[in-house]
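K.L.:
To start, I am sharing the structure in question, which I have written as structure tokens.
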Amino acid sequence: MFSTRSHLRRHLLTSAPKLLAPPFFRSTSTISPPATRKPTTAVAVLWDLAASRPPSTLPLYDAAVRLHLAATSFGRLRLSAAFLHPSHRLPAPAATPAATTHLCRVCGRRFRARDALLRHFEAIHTREHAKRLARIDSSRGGRRVRLAAALSLKLSKYEKAARELTGSAAAGADPAADLGRAGVRVELSRTPGASLRERAQQVLDGGSVGCLMLVSGREELASQLRLATERRVRSVVVGGESGLARWADVGFSWADVIAGKARKAAPSVSGKWRDRDVLKGLEWRYEEVDDDDEVVFEGSDGDGIEELAGKAKGRPWWKLDSDGEDSGAGG
């Protein structure tokens, strides 16, 4: 019995320093670093494909995906719409001189005969493409979204190579299909610029977004950007080659979007916006008081003030009544 009590006493004495130690000296191994806060501002992307085209060397699907990546760096994507003419077609790639070897656009291997390239493409890359699509179809929820984003470049690379092999790219591609696969809502209009301006006005009037991204180079949209500034809606312009970007809070070129520079610059730009909002909240204005305004002292009827003012006439303010009496007595 005594051995059990001594054992408990020894255990309490050894554990007491840990229990009594201040929190500063305790182990912090279980404390995890604060998670990075994702921007929650609602973002609307409006794209005029005729006025702001991505480089022809990049498939339209890839350009739309990278545009969405840049937009989601500023907040949560709420709306993504593209406006184009019903007869709009992407320009066919420039013709290249006939080569002695045929290049596989997926893996880079070269073949002397076109038939050998076709057999290689069907045996290897077509099967790999089918497996990737099956993996995406079998996934659900967030895993499906992450897997589709991770395989988007490979899928688009295969599709572009397949179009070149079948010869369908020579006639020009329909952009609506590529934009639809990237999650962009396509709206056909015979006046894409006017339709985009009308939709931007609706978005600003609705007040449901905090950031407006315009993918266009039309100067007519400057009025919508000024309106966004008045309503404290952040504005981003893609297509910095035009003069429209000077009316926006920030502007990027297509090269910046494709290279990922716009996505990397978004956190610092958003931080500057938040700092500016804080400073605006702390602003104060100095209102100058007019000297001619009458100053009324509480608890006084004004007679004492007038009496003091009468006594001060003809005498400097620093001379007191006693000074005058002393000088008279001395004389």
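Residues in the structure tokens are named by chain (A, B, ... in the order shown) and by number from 1 within that chain; ligands are numbered from 1 in the order shown.
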Just list the residues in range 34-169 of chain A DSSP gives helix (DSSP H, G or I) on the backbone, as number ranges by chain.
P.N.:
A: 60-72, 114-138, 141-150, 152-166, 168-169
K.L.:
Do you know which residues are at most 12 Å from Ala222 in chain A counting only C-alpha atoms, after dropping those on the same chain fewer than 4 positions away, and could you put them as number ranges by chain?
P.N.:
A: 197, 200-201, 214, 216-218, 226-229, 235-237, 242-249
K.L.:
For the residues selected in the previous step, produce a file with C-alpha atoms as a compact mmCIF listing (two decimals), in the first residue's frame.
P.N.:
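Saved result, result_21.txt, follows:
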```txt
# COMPACT_ATOMS: atom_id res chain seq x y z
CA ARG A 197 -21.73 46.02 -72.81
CA ALA A 200 -21.80 44.23 -68.02
CA GLN A 201 -24.44 46.84 -67.20
CA LEU A 214 -13.48 42.18 -69.20
CA SER A 216 -11.91 42.85 -74.69
CA GLY A 217 -10.14 45.72 -76.36
CA ARG A 218 -13.09 47.92 -77.24
CA ARG A 226 -15.92 54.01 -64.70
CA LEU A 227 -19.28 52.85 -63.38
CA ALA A 228 -17.59 49.89 -61.69
CA THR A 229 -15.19 52.28 -59.95
CA SER A 235 -12.15 45.78 -62.59
CA VAL A 236 -9.62 43.70 -64.51
CA VAL A 237 -8.97 43.94 -68.25
CA SER A 242 -5.47 48.30 -76.08
CA GLY A 243 -6.14 51.55 -74.27
CA LEU A 244 -9.06 50.07 -72.33
CA ALA A 245 -6.78 48.86 -69.55
CA ARG A 246 -6.04 52.39 -68.35
CA TRP A 247 -9.63 52.68 -67.09
CA ALA A 248 -9.39 49.47 -65.05
CA ASP A 249 -7.81 48.79 -61.67
```
K.L.:
What is the distance, in Å and to one decimal place, between CA of Ala50 in chain A and CA of Thr191 in chain A?
P.N.:
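Result for CA of Ala50 in chain A versus CA of Thr191 in chain A: 10.2 Å, one decimal.
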K.L.:
For range 147-153 of chain A, please output as a list in words all residues within 8 Å (counting only C-alpha atoms; exclusion window: fewer than 4 positions along the same chain).
P.N.:
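Contacts, with the query itself left out: Asp62, Arg132, Ile136, Arg143 and Lys157 of chain A.
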K.L.:
Between CA of Ala265 in chain A and CA of Thr41 in chain A, measure the distance and give it in Å to one decimal.
P.N.:
16.2 Å
K.L.:
Using only C-alpha atoms, which of the listed residues (A:Gly239, A:Gly207, A:Gly251, A:Pro59) sits closest to Ala161 in chain A?
P.N.:
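Closest to Ala161 in chain A of all the choices is A:Pro59.
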K.L.:
Which parts of range 192-268 of chain A does DSSP call strand (DSSP E) when run on the backbone here, written out as a list in words?
P.N.:
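Result set for range 192-268 of chain A (strand (DSSP E)): Cys211, Leu212, Met213, Leu214, Val215, Arg234, Ser235, Val236, Val237, Val238, Val250, Gly251 and Phe252 of chain A.
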K.L.:
Let's have the selection written as a compact mmCIF listing (two decimals), in the first residue's frame, with N, CA, C and O atoms.
P.N.:
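Contents of the output file result-v3.txt:
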```
# COMPACT_ATOMS: atom_id res chain seq x y z
N CYS A 211 -15.95 41.81 -58.46
CA CYS A 211 -14.84 41.97 -59.40
C CYS A 211 -15.35 41.65 -60.79
O CYS A 211 -15.98 40.61 -61.01
N LEU A 212 -15.09 42.55 -61.73
CA LEU A 212 -15.51 42.40 -63.12
C LEU A 212 -14.28 42.28 -64.00
O LEU A 212 -13.45 43.18 -64.03
N MET A 213 -14.17 41.16 -64.71
CA MET A 213 -13.05 40.94 -65.63
C MET A 213 -13.58 41.01 -67.06
O MET A 213 -14.42 40.21 -67.47
N LEU A 214 -13.08 41.98 -67.81
CA LEU A 214 -13.48 42.18 -69.20
C LEU A 214 -12.34 41.72 -70.10
O LEU A 214 -11.22 42.23 -69.97
N VAL A 215 -12.63 40.79 -70.98
CA VAL A 215 -11.65 40.30 -71.95
C VAL A 215 -12.02 40.92 -73.28
O VAL A 215 -12.77 40.34 -74.09
N ARG A 234 -14.23 45.98 -58.29
CA ARG A 234 -12.89 45.89 -58.87
C ARG A 234 -12.99 45.50 -60.34
O ARG A 234 -13.88 44.73 -60.73
N SER A 235 -12.10 46.03 -61.15
CA SER A 235 -12.15 45.78 -62.59
C SER A 235 -10.78 45.30 -63.07
O SER A 235 -9.75 45.84 -62.68
N VAL A 236 -10.82 44.28 -63.92
CA VAL A 236 -9.62 43.70 -64.51
C VAL A 236 -9.86 43.60 -66.01
O VAL A 236 -10.94 43.16 -66.44
N VAL A 237 -8.88 43.99 -66.79
CA VAL A 237 -8.97 43.94 -68.25
C VAL A 237 -7.88 43.01 -68.76
O VAL A 237 -6.71 43.15 -68.39
N VAL A 238 -8.27 42.07 -69.60
CA VAL A 238 -7.32 41.17 -70.28
C VAL A 238 -7.28 41.60 -71.73
O VAL A 238 -8.31 41.65 -72.40
N VAL A 250 -6.55 47.10 -62.87
CA VAL A 250 -5.34 46.39 -63.28
C VAL A 250 -5.61 45.76 -64.65
O VAL A 250 -6.75 45.43 -64.98
N GLY A 251 -4.57 45.67 -65.46
CA GLY A 251 -4.69 45.10 -66.79
C GLY A 251 -3.59 44.09 -67.06
O GLY A 251 -2.45 44.25 -66.60
N PHE A 252 -3.93 43.05 -67.81
CA PHE A 252 -2.97 42.02 -68.18
C PHE A 252 -3.10 41.74 -69.67
O PHE A 252 -4.16 41.91 -70.27
```
K.L.:
Have a look at CA of Leu79 in chain A and CA of Val209 in chain A and let me know their distance in Å, one decimal.
P.N.:
9.0 Å
K.L.:
Which residues are near Thr40 in chain A? Cut-off 12 Å, only C-alpha atoms, ignore same chain within fewer than 3 positions. Put them as a PyMOL selection string.
P.N.:
chain A and resi 37+43+71-78+209-211+270
